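Engineer: Below is the file entry-v6.txt, which contains compact mmCIF, C-alpha atoms and all ligand atoms.
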# COMPACT_ATOMS: atom_id res chain seq x y z
CA MET P 29 0.00 0.00 0.00
CA THR P 30 1.18 3.54 -0.67
CA ALA P 31 1.65 5.94 2.24
CA ILE P 32 -1.44 7.84 1.08
CA ALA P 33 -3.53 4.67 0.93
CA GLU P 34 -2.36 3.60 4.40
CA GLU P 35 -3.09 7.04 5.81
CA ALA P 36 -6.54 7.13 4.22
CA ALA P 37 -7.38 3.57 5.34
CA ALA P 38 -6.35 4.40 8.91
CA ALA P 39 -8.59 7.47 8.84
CA ASP P 40 -11.36 5.46 7.10
CA LYS P 41 -11.42 7.84 4.13
CA LEU P 42 -12.58 6.95 0.64
CA ILE P 43 -9.72 7.07 -1.87
CA LEU P 44 -11.00 8.42 -5.18
CA ALA P 45 -8.75 8.03 -8.26
CA VAL P 46 -9.31 10.59 -11.02
CA PRO P 47 -7.55 10.93 -14.43
CA SER P 48 -4.68 13.40 -14.20
CA LYS P 49 -4.41 14.30 -17.86
CA GLY P 50 -5.76 14.00 -21.33
CA ARG P 51 -9.19 13.33 -22.64
CA LEU P 52 -10.67 11.77 -19.53
CA MET P 53 -9.50 14.40 -17.03
CA GLU P 54 -11.55 17.38 -18.15
CA ARG P 55 -14.94 15.62 -18.15
CA SER P 56 -14.14 13.88 -14.85
CA LEU P 57 -13.49 17.22 -13.14
CA GLU P 58 -16.67 18.62 -14.70
CA ILE P 59 -18.95 15.83 -13.54
CA PHE P 60 -17.67 16.04 -9.97
CA ALA P 61 -18.08 19.84 -10.00
CA GLU P 62 -21.63 19.47 -11.38
CA ALA P 63 -22.31 16.97 -8.58
CA GLY P 64 -21.38 19.63 -6.00
CA LEU P 65 -18.10 17.81 -5.25
CA PRO P 66 -15.41 20.11 -6.72
CA LEU P 67 -12.00 18.43 -6.96
CA HIS P 68 -8.75 20.31 -6.56
CA ARG P 69 -5.08 19.43 -6.29
CA VAL P 70 -3.36 19.67 -2.95
CA GLY P 71 0.23 20.85 -2.74
CA HIS P 72 2.40 21.75 -5.69
CA GLU P 73 0.98 21.83 -9.24
CA ARG P 74 2.47 18.56 -10.43
CA GLY P 75 1.61 16.67 -7.25
CA TYR P 76 -0.92 13.86 -7.63
CA ARG P 77 -2.86 14.34 -4.42
CA GLY P 78 -6.16 16.16 -4.30
CA ALA P 79 -9.20 16.81 -2.19
CA VAL P 80 -12.92 17.42 -2.52
CA GLY P 81 -14.14 20.84 -1.41
CA GLY P 82 -15.92 20.55 1.92
CA ARG P 83 -15.34 16.80 2.46
CA ASP P 84 -12.60 15.43 4.62
CA ASP P 85 -13.88 11.85 4.25
CA ILE P 86 -12.58 11.66 0.66
CA ALA P 87 -8.90 11.67 -0.46
CA VAL P 88 -8.23 12.20 -4.15
CA LEU P 89 -5.41 10.72 -6.24
CA PHE P 90 -4.74 12.11 -9.73
CA LEU P 91 -3.34 9.25 -11.85
CA SER P 92 -3.19 8.16 -15.49
CA ALA P 93 -6.20 6.15 -16.72
CA SER P 94 -4.22 2.91 -16.80
CA GLU P 95 -2.76 3.50 -13.31
CA ILE P 96 -6.32 3.98 -12.03
CA ALA P 97 -7.22 0.52 -13.28
CA HIS P 98 -4.21 -0.91 -11.39
CA TYR P 99 -5.00 1.00 -8.18
CA LEU P 100 -8.61 -0.23 -8.19
CA GLY P 101 -7.60 -3.80 -9.05
CA SER P 102 -5.12 -3.92 -6.17
CA GLY P 103 -7.34 -2.10 -3.67
CA ARG P 104 -5.13 0.98 -3.37
CA ALA P 105 -8.14 3.09 -4.38
CA HIS P 106 -11.82 2.54 -3.54
CA LEU P 107 -13.48 4.35 -6.40
CA GLY P 108 -12.21 5.77 -9.68
CA ILE P 109 -12.92 6.89 -13.21
CA THR P 110 -11.25 5.00 -16.03
CA GLY P 111 -12.03 3.34 -19.36
CA GLU P 112 -13.78 -0.04 -19.46
CA ASP P 113 -11.14 -1.16 -21.99
CA LEU P 114 -8.37 -0.56 -19.45
CA VAL P 115 -10.27 -2.37 -16.69
CA ARG P 116 -10.73 -5.45 -18.89
CA GLU P 117 -7.19 -5.37 -20.23
CA GLU P 118 -5.11 -4.40 -17.22
CA ILE P 119 -6.76 -6.19 -14.27
CA PRO P 120 -6.38 -9.98 -14.19
CA ARG P 121 -9.81 -11.57 -13.44
CA TRP P 122 -11.15 -8.03 -13.32
CA ASP P 123 -14.72 -9.00 -12.40
CA GLU P 124 -13.55 -10.53 -9.10
CA ARG P 125 -11.62 -7.38 -8.17
CA VAL P 126 -13.70 -4.43 -9.39
CA GLU P 127 -17.25 -3.51 -10.27
CA LEU P 128 -18.21 -1.33 -13.25
CA VAL P 129 -20.71 0.89 -11.41
CA ARG P 130 -21.88 2.87 -14.45
CA GLY P 131 -20.87 4.21 -17.84
CA LEU P 132 -20.42 7.96 -17.83
CA GLY P 133 -21.12 8.79 -21.49
CA PHE P 134 -17.67 10.16 -22.38
CA GLY P 135 -14.27 8.74 -23.34
CA ARG P 136 -16.04 6.57 -25.88
CA ALA P 137 -13.84 4.45 -28.13
CA ASP P 138 -14.08 1.04 -29.81
CA VAL P 139 -11.37 -1.61 -29.52
CA VAL P 140 -11.25 -3.12 -33.02
CA VAL P 141 -9.47 -5.66 -35.21
CA ALA P 142 -8.15 -4.01 -38.39
CA ALA P 143 -6.34 -5.34 -41.45
CA PRO P 144 -4.95 -3.72 -44.61
CA ALA P 145 -7.84 -2.37 -46.71
CA CYS P 146 -6.36 -4.19 -49.73
CA TRP P 147 -6.91 -7.68 -48.20
CA ILE P 148 -9.97 -8.43 -50.31
CA ASP P 149 -10.16 -12.08 -49.19
CA VAL P 150 -10.37 -11.06 -45.55
CA GLN P 151 -13.67 -9.34 -44.78
CA GLY P 152 -14.54 -10.69 -41.36
CA MET P 153 -13.21 -12.53 -38.32
CA GLY P 154 -14.39 -15.81 -39.90
CA ASP P 155 -11.81 -15.39 -42.71
CA LEU P 156 -8.81 -14.98 -40.44
CA GLU P 157 -7.77 -18.54 -39.63
CA ASP P 158 -7.62 -19.44 -43.35
CA MET P 159 -5.65 -16.27 -44.03
CA ALA P 160 -3.23 -17.13 -41.21
CA ALA P 161 -2.68 -20.64 -42.68
CA LEU P 162 -2.09 -19.20 -46.15
CA PHE P 163 0.25 -16.58 -44.74
CA TYR P 164 2.26 -19.29 -42.97
CA ARG P 165 2.54 -21.37 -46.17
CA VAL P 166 3.76 -18.39 -48.18
CA HIS P 167 6.01 -16.68 -45.63
CA GLY P 168 6.99 -19.48 -43.26
CA ARG P 169 5.96 -17.50 -40.20
CA ARG P 170 2.82 -16.58 -38.32
CA LEU P 171 0.72 -13.50 -38.97
CA ARG P 172 1.68 -10.70 -36.57
CA VAL P 173 -0.92 -8.59 -34.74
CA ALA P 174 0.35 -5.33 -33.18
CA THR P 175 -1.56 -4.18 -30.09
CA LYS P 176 -1.53 -2.55 -26.66
CA PHE P 177 -4.39 -4.94 -25.77
CA PRO P 178 -2.85 -8.45 -25.72
CA VAL P 179 -5.34 -9.83 -23.19
CA LEU P 180 -8.45 -8.65 -25.06
CA THR P 181 -6.92 -9.74 -28.37
CA ARG P 182 -6.09 -13.30 -27.25
CA ARG P 183 -9.51 -13.83 -25.72
CA PHE P 184 -11.35 -12.45 -28.77
CA PHE P 185 -9.28 -14.35 -31.34
CA ALA P 186 -9.74 -17.57 -29.36
CA SER P 187 -13.52 -17.02 -29.32
CA TRP P 188 -13.33 -17.05 -33.15
CA GLY P 189 -11.06 -20.10 -33.21
CA VAL P 190 -8.17 -18.07 -34.61
CA SER P 191 -4.79 -19.34 -33.43
CA GLY P 192 -2.29 -18.97 -36.27
CA TYR P 193 -0.97 -15.56 -35.26
CA ARG P 194 1.41 -13.97 -32.81
CA ILE P 195 1.13 -10.73 -30.87
CA VAL P 196 3.62 -7.92 -31.26
CA GLU P 197 3.23 -5.64 -28.23
CA SER P 198 2.94 -2.05 -29.35
CA LEU P 199 3.95 0.95 -27.28
CA GLY P 200 2.24 3.54 -29.48
CA ALA P 201 1.38 4.49 -33.07
CA THR P 202 -0.05 0.98 -33.47
CA GLU P 203 -1.81 1.85 -36.74
CA GLY P 204 1.58 2.49 -38.32
CA ALA P 205 2.83 -1.06 -37.68
CA PRO P 206 1.64 -2.65 -40.97
CA ALA P 207 3.19 0.15 -43.07
CA ALA P 208 6.36 -0.05 -40.99
CA GLY P 209 6.53 -3.80 -41.63
CA THR P 210 6.46 -4.78 -37.95
CA ALA P 211 3.00 -6.46 -38.11
CA GLU P 212 0.34 -7.43 -40.66
CA MET P 213 -2.71 -6.49 -38.59
CA ILE P 214 -3.61 -4.47 -35.52
CA VAL P 215 -6.00 -4.35 -32.58
CA ASP P 216 -6.43 -0.78 -31.37
CA ILE P 217 -8.76 1.95 -30.20
CA THR P 218 -10.72 3.99 -32.71
CA SER P 219 -13.18 6.81 -32.24
CA THR P 220 -13.64 8.73 -35.52
CA GLY P 221 -11.87 6.11 -37.68
CA ALA P 222 -9.62 8.80 -39.20
CA THR P 223 -6.34 7.21 -38.07
CA LEU P 224 -7.30 3.78 -39.47
CA LYS P 225 -8.29 5.39 -42.78
CA ALA P 226 -5.08 7.41 -43.00
CA ASN P 227 -3.16 4.15 -42.55
CA HIS P 228 -5.21 2.26 -45.19
CA LEU P 229 -6.67 -0.14 -42.64
CA LYS P 230 -10.23 -1.50 -42.43
CA ILE P 231 -12.17 -2.79 -39.43
CA LEU P 232 -13.09 -6.44 -39.97
CA GLU P 233 -16.76 -7.44 -39.98
CA ASP P 234 -17.53 -8.73 -36.45
CA GLY P 235 -14.21 -7.13 -35.49
CA VAL P 236 -15.44 -4.79 -32.73
CA ILE P 237 -14.03 -6.35 -29.55
CA LEU P 238 -15.44 -3.80 -27.13
CA LYS P 239 -17.38 -0.55 -27.17
CA SER P 240 -15.67 1.26 -24.32
CA GLU P 241 -16.42 4.42 -22.38
CA ALA P 242 -15.29 6.03 -19.14
CA ASN P 243 -16.89 4.30 -16.13
CA LEU P 244 -17.28 4.94 -12.46
CA VAL P 245 -15.48 1.86 -11.10
CA ALA P 246 -15.46 0.50 -7.54
CA SER P 247 -12.81 -1.76 -6.06
CA LYS P 248 -14.06 -4.98 -4.44
CA VAL P 249 -10.70 -5.55 -2.74
CA ALA P 250 -10.07 -2.12 -1.13
CA PRO P 251 -10.44 -1.85 2.66
CA TRP P 252 -14.00 -0.54 2.87
CA GLY P 253 -14.71 1.07 6.24
CA GLU P 254 -17.96 2.62 7.34
CA HIS P 255 -17.03 6.16 6.24
CA ALA P 256 -15.68 5.00 2.89
CA LEU P 257 -18.96 3.16 2.22
CA ALA P 258 -20.99 6.25 3.12
CA ALA P 259 -18.84 8.44 0.84
CA ARG P 260 -19.30 5.91 -1.99
CA ALA P 261 -23.08 6.03 -1.59
CA LEU P 262 -22.97 9.84 -1.77
CA ILE P 263 -20.81 9.85 -4.92
CA GLU P 264 -22.89 7.16 -6.63
CA ASP P 265 -25.99 9.14 -5.83
CA ARG P 266 -24.64 12.41 -7.16
CA ILE P 267 -22.70 11.24 -10.21
CA ALA P 268 -25.68 10.93 -12.50
CA PRO P 269 -25.86 8.55 -15.43
CA PRO P 270 -25.20 10.24 -18.82
CA LEU P 271 -27.79 12.70 -20.09
CA SER P 272 -28.89 10.39 -22.92
CA ALA P 273 -30.14 7.91 -20.30
CA ASP P 274 -31.86 10.74 -18.38
CA VAL P 275 -33.89 11.96 -21.31
CA VAL P 276 -35.29 8.59 -22.36
CA GLY P 277 -39.06 8.88 -22.23
CA SER P 278 -39.05 12.64 -21.59
N1 LIG K 301 -9.42 8.58 -29.44
C1 LIG K 301 -9.00 7.92 -28.36
N2 LIG K 301 -7.77 7.41 -28.34
C2 LIG K 301 -7.30 6.75 -27.25
N3 LIG K 301 -8.01 6.55 -26.13
C3 LIG K 301 -9.26 7.02 -26.11
C4 LIG K 301 -9.81 7.74 -27.20
N4 LIG K 301 -11.06 8.09 -26.88
C5 LIG K 301 -11.28 7.62 -25.64
N5 LIG K 301 -10.21 6.97 -25.17
C6 LIG K 301 -10.11 6.29 -23.86
O1 LIG K 301 -9.22 6.98 -23.01
C7 LIG K 301 -8.55 6.03 -22.18
C8 LIG K 301 -7.04 6.22 -22.32
O2 LIG K 301 -6.70 7.47 -21.89
P1 LIG K 301 -5.16 7.88 -21.77
O3 LIG K 301 -4.51 7.73 -23.12
O4 LIG K 301 -5.10 9.20 -21.09
O5 LIG K 301 -4.71 6.76 -20.76
P2 LIG K 301 -3.37 6.07 -20.41
O6 LIG K 301 -3.32 4.76 -21.14
O7 LIG K 301 -3.31 5.98 -18.93
O8 LIG K 301 -2.30 7.08 -20.93
P3 LIG K 301 -0.77 6.83 -21.12
O9 LIG K 301 -0.69 5.69 -22.12
O10 LIG K 301 -0.31 8.14 -21.67
O11 LIG K 301 -0.24 6.49 -19.76
C9 LIG K 301 -9.00 4.64 -22.62
O12 LIG K 301 -10.01 4.18 -21.75
C10 LIG K 301 -9.57 4.88 -23.99
O13 LIG K 301 -10.60 3.97 -24.35
O1 LIG K 302 -10.28 6.91 -34.64
P1 LIG K 302 -9.52 8.17 -34.34
O2 LIG K 302 -10.42 9.33 -34.02
O3 LIG K 302 -8.54 8.52 -35.42
O4 LIG K 302 -8.72 7.94 -32.96
C1 LIG K 302 -7.88 6.85 -32.76
C2 LIG K 302 -6.50 7.25 -32.39
O5 LIG K 302 -6.50 8.14 -31.28
C3 LIG K 302 -5.58 7.66 -30.31
O6 LIG K 302 -4.34 8.16 -30.52
P2 LIG K 302 -3.88 9.54 -29.89
O7 LIG K 302 -2.77 10.07 -30.75
O8 LIG K 302 -5.03 10.46 -29.67
O9 LIG K 302 -3.35 9.17 -28.49
P3 LIG K 302 -2.50 7.94 -27.98
O10 LIG K 302 -1.76 7.35 -29.13
O11 LIG K 302 -1.63 8.55 -26.90
O12 LIG K 302 -3.51 6.99 -27.39
C4 LIG K 302 -5.61 6.16 -30.52
O13 LIG K 302 -4.45 5.52 -29.98
C5 LIG K 302 -5.71 6.03 -32.00
O14 LIG K 302 -4.43 6.05 -32.57
Show this structure as structure tokens.
Structural biologist:
Amino acid sequence: MTAIAEEAAAADKLILAVPSKGRLMERSLEIFAEAGLPLHRVGHERGYRGAVGGRDDIAVLFLSASEIAHYLGSGRAHLGITGEDLVREEIPRWDERVELVRGLGFGRADVVVAAPACWIDVQGMGDLEDMAALFYRVHGRRLRVATKFPVLTRRFFASWGVSGYRIVESLGATEGAPAAGTAEMIVDITSTGATLKANHLKILEDGVILKSEANLVASKVAPWGEHALAARALIEDRIAPPLSADVVGS
């Protein structure tokens, strides 16, 4: 446990993990402010500790979206905002360790399987195993799939009975891997589709692995004391579901 987590557990505070940068941070700060729970940083600008105005039962940690998944999965934070894709990818047996409380309607992105647009014989996931066998016969090696999502990729490919490939772990610019010659296919995030198009890649039919969005996520393995549980109930109550769900039927 970190010093902050130990301190908060001893004081029976709820540890809330919030994105510290990028696309998820802005909306996270907004929804807490709209809920009457304004978040602010404590200490120097680049520090990662924060607090909620008027509440000393909640300690805030500003972390990257993937760190938040790790903190929740290991019980170093009680509650957090992060992408469903990161929860499913980064936390082993995630459903035993965390609960997806609710989708928040932002940070939407699809995790997809994409191949070169010029592969006319490969339209859908059902064509891949044959393609992999052909590729092996011609090139003497397995098809390479570049991705930052090896766990989601293996599970999804297995569900389609595809085994004749190997994963090349990507650290960034995944869509560039086929053109760079480091992989034949990719599994990556897309939102507008512009990056896939610019790299002459197409999403395979049945190739959407997950439709992800930012979620309010609760740890099942954090030390939940009475005050932490009460603070969770308050946050869950005030962090409303996305507007689209609110207006149904109105
Ligand atoms: N266009 C997009 N590109 C990448 N991620 C997106 C996009 N739209 C929404 N997201 C979501 O944002 C989250 C990733 O955010 P971010 O890149 O800040 O996280 P991170 O992986 O912690 O960052 P870093 O890799 O810099 O440490 C994921 O849940 C992802 O699904
Ligand atoms: O479908 P699109 O709208 O084109 O978005 C998809 C791209 O956006 C992200 O990259 P970005 O450069 O934003 O950040 P990242 O590489 O740090 O994740 C993501 O990794 C994709 O490459």
Engineer: Near Ile263 in chain P, within 12 Å and counting only C-alpha atoms, which residues show up once chain neighbours fewer than 2 positions away are dropped, as a CSV table (one decimal) with C-alpha atoms, in the coordinates of the input?
Structural biologist:
chain,number,residue,atom,x,y,z
P,42,LEU,CA,-12.6,7.0,0.6
P,43,ILE,CA,-9.7,7.1,-1.9
P,44,LEU,CA,-11.0,8.4,-5.2
P,59,ILE,CA,-19.0,15.8,-13.5
P,60,PHE,CA,-17.7,16.0,-10.0
P,61,ALA,CA,-18.1,19.8,-10.0
P,62,GLU,CA,-21.6,19.5,-11.4
P,63,ALA,CA,-22.3,17.0,-8.6
P,64,GLY,CA,-21.4,19.6,-6.0
P,65,LEU,CA,-18.1,17.8,-5.2
P,66,PRO,CA,-15.4,20.1,-6.7
P,80,VAL,CA,-12.9,17.4,-2.5
P,83,ARG,CA,-15.3,16.8,2.5
P,85,ASP,CA,-13.9,11.8,4.2
P,86,ILE,CA,-12.6,11.7,0.7
P,106,HIS,CA,-11.8,2.5,-3.5
P,107,LEU,CA,-13.5,4.4,-6.4
P,108,GLY,CA,-12.2,5.8,-9.7
P,109,ILE,CA,-12.9,6.9,-13.2
P,129,VAL,CA,-20.7,0.9,-11.4
P,130,ARG,CA,-21.9,2.9,-14.4
P,244,LEU,CA,-17.3,4.9,-12.5
P,245,VAL,CA,-15.5,1.9,-11.1
P,246,ALA,CA,-15.5,0.5,-7.5
P,256,ALA,CA,-15.7,5.0,2.9
P,257,LEU,CA,-19.0,3.2,2.2
P,258,ALA,CA,-21.0,6.2,3.1
P,259,ALA,CA,-18.8,8.4,0.8
P,260,ARG,CA,-19.3,5.9,-2.0
P,261,ALA,CA,-23.1,6.0,-1.6
P,265,ASP,CA,-26.0,9.1,-5.8
P,266,ARG,CA,-24.6,12.4,-7.2
P,267,ILE,CA,-22.7,11.2,-10.2
P,268,ALA,CA,-25.7,10.9,-12.5
P,269,PRO,CA,-25.9,8.6,-15.4
Engineer: CA of Pro47 in chain P and CA of His72 in chain P, how far apart in Å?
Structural biologist: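 A separation of 17.1 Å between them.
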Engineer: Just give me the gap between atom C5 of ligand LIG 302 (chain K) and CA of Ala137 in chain P in Å, one decimal is fine.
Structural biologist: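 These atoms are spaced 9.1 Å apart.
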Engineer: Identify which of the residues P:Ala186, P:Ala97, P:Leu262, P:Ala79 lies closest to ligand LIG 301 (chain K), counting only C-alpha atoms and all ligand atoms when measuring atom-to-atom distances.
Structural biologist: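 Answer, going by the shortest atom-to-atom distance: P:Ala97.
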Engineer: Put a box with edges along x, y and z around all the listed atoms of ligand LIG 302 (chain K), pad it by 8 Å on each side, then give me its centre and sizes in Å, one decimal, as AutoDock Vina command-line options.
Structural biologist:
--center_x -6.0 --center_y 8.0 --center_z -31.2 --size_x 24.8 --size_y 20.9 --size_z 24.5
Engineer: Need to verify the contact set: range 222-230 of chain P, 12 Å, all atoms listed in the file, exclusion of same-chain residues closer than 4 positions in sequence. Can you return it as a VMD selection string?
Structural biologist: chain P and resid 140 to 148 150 to 152 201 to 208 212 to 218 234 to 236
Engineer: When the cut-off is 7 Å and you count all atoms listed in the file, which residues lie near ligand LIG 301 (chain K), shown as a list in words?
Structural biologist: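 Final answer, ordered by chain and number: Lys49, Gly50, Arg51, Leu52, Ser92, Ala93, Ser94, Glu95, Thr110, Gly111, Glu112, Asp113, Leu114, Gly135, Arg136, Ala137, Ile217, Thr218, Ser219, Ser240, Glu241 and Ala242 of chain P.
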Engineer: Write out as an NGL selection string the residues lying within 7 Å of range 176-181 of chain P, counting only C-alpha atoms and excluding same-chain residues fewer than 5 positions away.
Structural biologist: :P and (117 or 195 or 197-199 or 215)
Engineer: Looking at P:Arg169, P:Val139, P:Glu127, P:Gly192, which one is nearest to Glu157 in chain P, with distances taken over all atoms listed in the file?
Structural biologist: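 For Glu157 in chain P, the nearest of the given residues is P:Gly192.
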Engineer: Which one of P:Ser187, P:Ser102, P:Thr210, P:Thr220 sits closest to ligand LIG 302 (chain K) if you count all atoms listed in the file?
Structural biologist: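 Closest to ligand LIG 302 (chain K), using all atoms listed in the file: P:Thr220.
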Engineer: With all atoms listed in the file as the atoms that count, which of P:Leu57, P:Ile231, P:Val249, P:Ala45 lies nearest to ligand LIG 302 (chain K)?
Structural biologist: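 Comparing P:Leu57, P:Ile231, P:Val249, P:Ala45 against ligand LIG 302 (chain K), the winner is P:Ile231.
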Engineer: Output requested as a PDB file, in the coordinates of the input - range 70-91 of chain P, filled out with N, CA and C atoms.
Structural biologist:
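After the write, result_31.pdb holds the following:
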ATOM      1  N   VAL P  70      -3.917  19.206  -4.223  1.00  0.00           N
ATOM      2  CA  VAL P  70      -3.360  19.670  -2.950  1.00  0.00           C
ATOM      3  C   VAL P  70      -1.847  19.706  -3.121  1.00  0.00           C
ATOM      4  N   GLY P  71      -1.225  20.761  -2.628  1.00  0.00           N
ATOM      5  CA  GLY P  71       0.230  20.850  -2.740  1.00  0.00           C
ATOM      6  C   GLY P  71       0.643  21.427  -4.067  1.00  0.00           C
ATOM      7  N   HIS P  72       1.871  21.108  -4.478  1.00  0.00           N
ATOM      8  CA  HIS P  72       2.400  21.750  -5.690  1.00  0.00           C
ATOM      9  C   HIS P  72       1.681  21.240  -6.939  1.00  0.00           C
ATOM     10  N   GLU P  73       1.714  22.055  -7.983  1.00  0.00           N
ATOM     11  CA  GLU P  73       0.980  21.830  -9.240  1.00  0.00           C
ATOM     12  C   GLU P  73       1.081  20.407  -9.787  1.00  0.00           C
ATOM     13  N   ARG P  74       2.290  19.851  -9.791  1.00  0.00           N
ATOM     14  CA  ARG P  74       2.470  18.560 -10.430  1.00  0.00           C
ATOM     15  C   ARG P  74       2.219  17.384  -9.478  1.00  0.00           C
ATOM     16  N   GLY P  75       1.882  17.730  -8.231  1.00  0.00           N
ATOM     17  CA  GLY P  75       1.610  16.670  -7.250  1.00  0.00           C
ATOM     18  C   GLY P  75       0.380  15.888  -7.660  1.00  0.00           C
ATOM     19  N   TYR P  76       0.219  14.640  -7.161  1.00  0.00           N
ATOM     20  CA  TYR P  76      -0.920  13.860  -7.630  1.00  0.00           C
ATOM     21  C   TYR P  76      -1.959  13.662  -6.548  1.00  0.00           C
ATOM     22  N   ARG P  77      -1.841  14.422  -5.463  1.00  0.00           N
ATOM     23  CA  ARG P  77      -2.860  14.340  -4.420  1.00  0.00           C
ATOM     24  C   ARG P  77      -3.901  15.431  -4.620  1.00  0.00           C
ATOM     25  N   GLY P  78      -5.122  15.153  -4.190  1.00  0.00           N
ATOM     26  CA  GLY P  78      -6.160  16.160  -4.300  1.00  0.00           C
ATOM     27  C   GLY P  78      -7.158  16.011  -3.175  1.00  0.00           C
ATOM     28  N   ALA P  79      -8.164  16.859  -3.218  1.00  0.00           N
ATOM     29  CA  ALA P  79      -9.200  16.810  -2.190  1.00  0.00           C
ATOM     30  C   ALA P  79     -10.516  17.240  -2.810  1.00  0.00           C
ATOM     31  N   VAL P  80     -11.593  17.002  -2.084  1.00  0.00           N
ATOM     32  CA  VAL P  80     -12.920  17.420  -2.520  1.00  0.00           C
ATOM     33  C   VAL P  80     -13.347  18.537  -1.587  1.00  0.00           C
ATOM     34  N   GLY P  81     -13.730  19.689  -2.214  1.00  0.00           N
ATOM     35  CA  GLY P  81     -14.140  20.840  -1.410  1.00  0.00           C
ATOM     36  C   GLY P  81     -15.183  20.445  -0.379  1.00  0.00           C
ATOM     37  N   GLY P  82     -14.922  20.760   0.869  1.00  0.00           N
ATOM     38  CA  GLY P  82     -15.920  20.550   1.920  1.00  0.00           C
ATOM     39  C   GLY P  82     -16.042  19.126   2.440  1.00  0.00           C
ATOM     40  N   ARG P  83     -15.178  18.190   1.973  1.00  0.00           N
ATOM     41  CA  ARG P  83     -15.340  16.800   2.460  1.00  0.00           C
ATOM     42  C   ARG P  83     -13.992  16.257   2.893  1.00  0.00           C
ATOM     43  N   ASP P  84     -13.878  16.007   4.192  1.00  0.00           N
ATOM     44  CA  ASP P  84     -12.600  15.430   4.620  1.00  0.00           C
ATOM     45  C   ASP P  84     -12.668  13.913   4.746  1.00  0.00           C
ATOM     46  N   ASP P  85     -13.781  13.324   4.259  1.00  0.00           N
ATOM     47  CA  ASP P  85     -13.880  11.850   4.250  1.00  0.00           C
ATOM     48  C   ASP P  85     -13.450  11.269   2.901  1.00  0.00           C
ATOM     49  N   ILE P  86     -12.992  12.151   1.987  1.00  0.00           N
ATOM     50  CA  ILE P  86     -12.580  11.660   0.660  1.00  0.00           C
ATOM     51  C   ILE P  86     -11.171  12.190   0.352  1.00  0.00           C
ATOM     52  N   ALA P  87     -10.250  11.285  -0.009  1.00  0.00           N
ATOM     53  CA  ALA P  87      -8.900  11.670  -0.460  1.00  0.00           C
ATOM     54  C   ALA P  87      -8.835  11.406  -1.958  1.00  0.00           C
ATOM     55  N   VAL P  88      -8.254  12.335  -2.695  1.00  0.00           N
ATOM     56  CA  VAL P  88      -8.230  12.200  -4.150  1.00  0.00           C
ATOM     57  C   VAL P  88      -6.812  11.913  -4.633  1.00  0.00           C
ATOM     58  N   LEU P  89      -6.685  10.972  -5.576  1.00  0.00           N
ATOM     59  CA  LEU P  89      -5.410  10.720  -6.240  1.00  0.00           C
ATOM     60  C   LEU P  89      -5.586  11.013  -7.722  1.00  0.00           C
ATOM     61  N   PHE P  90      -4.729  11.871  -8.289  1.00  0.00           N
ATOM     62  CA  PHE P  90      -4.740  12.110  -9.730  1.00  0.00           C
ATOM     63  C   PHE P  90      -3.721  11.168 -10.363  1.00  0.00           C
ATOM     64  N   LEU P  91      -4.201  10.285 -11.246  1.00  0.00           N
ATOM     65  CA  LEU P  91      -3.340   9.250 -11.850  1.00  0.00           C
ATOM     66  C   LEU P  91      -3.692   9.098 -13.331  1.00  0.00           C
TER      67      LEU P  91
END
